[in-house]
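Below: one structure, written as structure tokens.
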Amino acid sequence: MLLIRLMSKRRTWVCLFVGVYTILLSFSWNLLKSVLSWYESTVSTSSSSSGWPALYASVVLGVVFGLLSMAAALAVAIPATLVTWITVLVLLTFCGKPRRQLVVEGKKLTVEITGFVVKVLIKEGNVVAAVCAVLGYFALVRRSRDEVL
């Protein structure tokens, strides 16, 4: 009972939202530092000027930041999706739909909204991953060239 009452408060959801984003930011910062330290140690030990370590590090960063952006977008999309779903069901109820037909429409609506949200999340995650990978690759290559000079 206490949990239900606590979760119905707006400030609880705000605190959870801020807490999740803080954890995601901390995780991404620590991962960024560890990938950069791995890259620096790999570049300093290898004598050849191969671009494979930079490519590998940039792909890892792109994938991780793409997944993190999908998680962050999902945290925003779930409440918005629920509000949309509830609004449409209430409007269908006011239009005089019978209860059985309303359940069938609700199931169809749930599948349609969920499919749309998943497609958008995957598209946004892929875009962020590609941008982070490309920018990361050029930043790492430039960084290794500056260290050589």
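Each chain in the structure tokens gets a letter, A, B, ..., in the order shown, and its residues are numbered from 1; ligands are numbered from 1 in order too.
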Using only C-alpha atoms, find each residue of stretch 58-81 of chain A with at least one atom at most 12 Å away from an atom of stretch 17-23 of chain A; report its shortest atom-to-atom pair and that distance in Å (one decimal), sort the rows by chain and rising residue number, and return the result as a tab-separated table.
residue	atom	partner	partner_atom	distance
A:Leu68	CA	A:Tyr21	CA	9.7
A:Ser69	CA	A:Tyr21	CA	10.5
A:Ala71	CA	A:Tyr21	CA	9.4
A:Ala72	CA	A:Tyr21	CA	7.3
A:Ala73	CA	A:Tyr21	CA	10.7
A:Leu74	CA	A:Phe17	CA	11.3
A:Ala75	CA	A:Phe17	CA	7.6
A:Val76	CA	A:Phe17	CA	9.0
A:Ile78	CA	A:Phe17	CA	11.9
A:Pro79	CA	A:Phe17	CA	11.4
Output C-alpha atoms for every residue in the selection just made, as a PDB file, in the first residue's frame.
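Produced file out37.pdb, reproduced below:
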ATOM      1  CA  LEU A  68      22.168   4.524 -23.997  1.00  0.00           C
ATOM      2  CA  SER A  69      20.242   6.942 -26.200  1.00  0.00           C
ATOM      3  CA  ALA A  71      17.287   3.701 -23.055  1.00  0.00           C
ATOM      4  CA  ALA A  72      16.968   7.435 -22.448  1.00  0.00           C
ATOM      5  CA  ALA A  73      14.394   7.815 -25.218  1.00  0.00           C
ATOM      6  CA  LEU A  74      12.466   4.845 -23.841  1.00  0.00           C
ATOM      7  CA  ALA A  75      12.271   6.539 -20.447  1.00  0.00           C
ATOM      8  CA  VAL A  76      10.593   9.508 -22.124  1.00  0.00           C
ATOM      9  CA  ILE A  78       6.756   5.213 -22.124  1.00  0.00           C
ATOM     10  CA  PRO A  79       4.771   7.935 -20.301  1.00  0.00           C
TER      11      PRO A  79
END
For A:Glu40: contacts at 10 Å, only C-alpha atoms, fewer than 4 positions along chain excluded, given as number ranges by chain: A: 34-36, 44-45, 53-54, 140, 143-144, 147
Which of A:Gly125, A:Gly136, A:Gly115, A:Gly106 sits closest to A:Ser58 [using only C-alpha atoms]: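 The answer is A:Gly136, which sits nearest to A:Ser58.
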Coordinates-based distance that separates atom CA of A:Ile122 from atom CA of A:Leu109 (Å, one decimal):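 Interatomic distance, atom CA of A:Leu109 to atom CA of A:Ile122: 20.0 Å.
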Selected residue of minimal separation from A:Ala133 among A:Ala57, A:Val43, A:Cys15, A:Leu31, counting only C-alpha atoms: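 Distance minimum relative to A:Ala133 lands on A:Ala57.
Relative to atom CA of A:Gly66, atom CA of A:Val128 is found at 5.1 Å.
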Selected residue of minimal separation from A:Tyr137 among A:Val111, A:Leu82, A:Val88, A:Leu55, counting only C-alpha atoms: A:Leu55
Atom CA of A:Val103 to atom CA of A:Leu89, distance in Å rounded to a single decimal: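 It comes out at 9.1 Å.
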9 Å contact set for A:Glu105, only C-alpha atoms, chain neighbours under 5 positions out, as JSON, numbers by chain: {"A": [89, 92, 100, 110]}
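The nearest approach to A:Lys123 among the residues A:Leu67, A:Leu16, A:Met1, A:Thr87, with only C-alpha atoms taken into account, belongs to A:Leu67.
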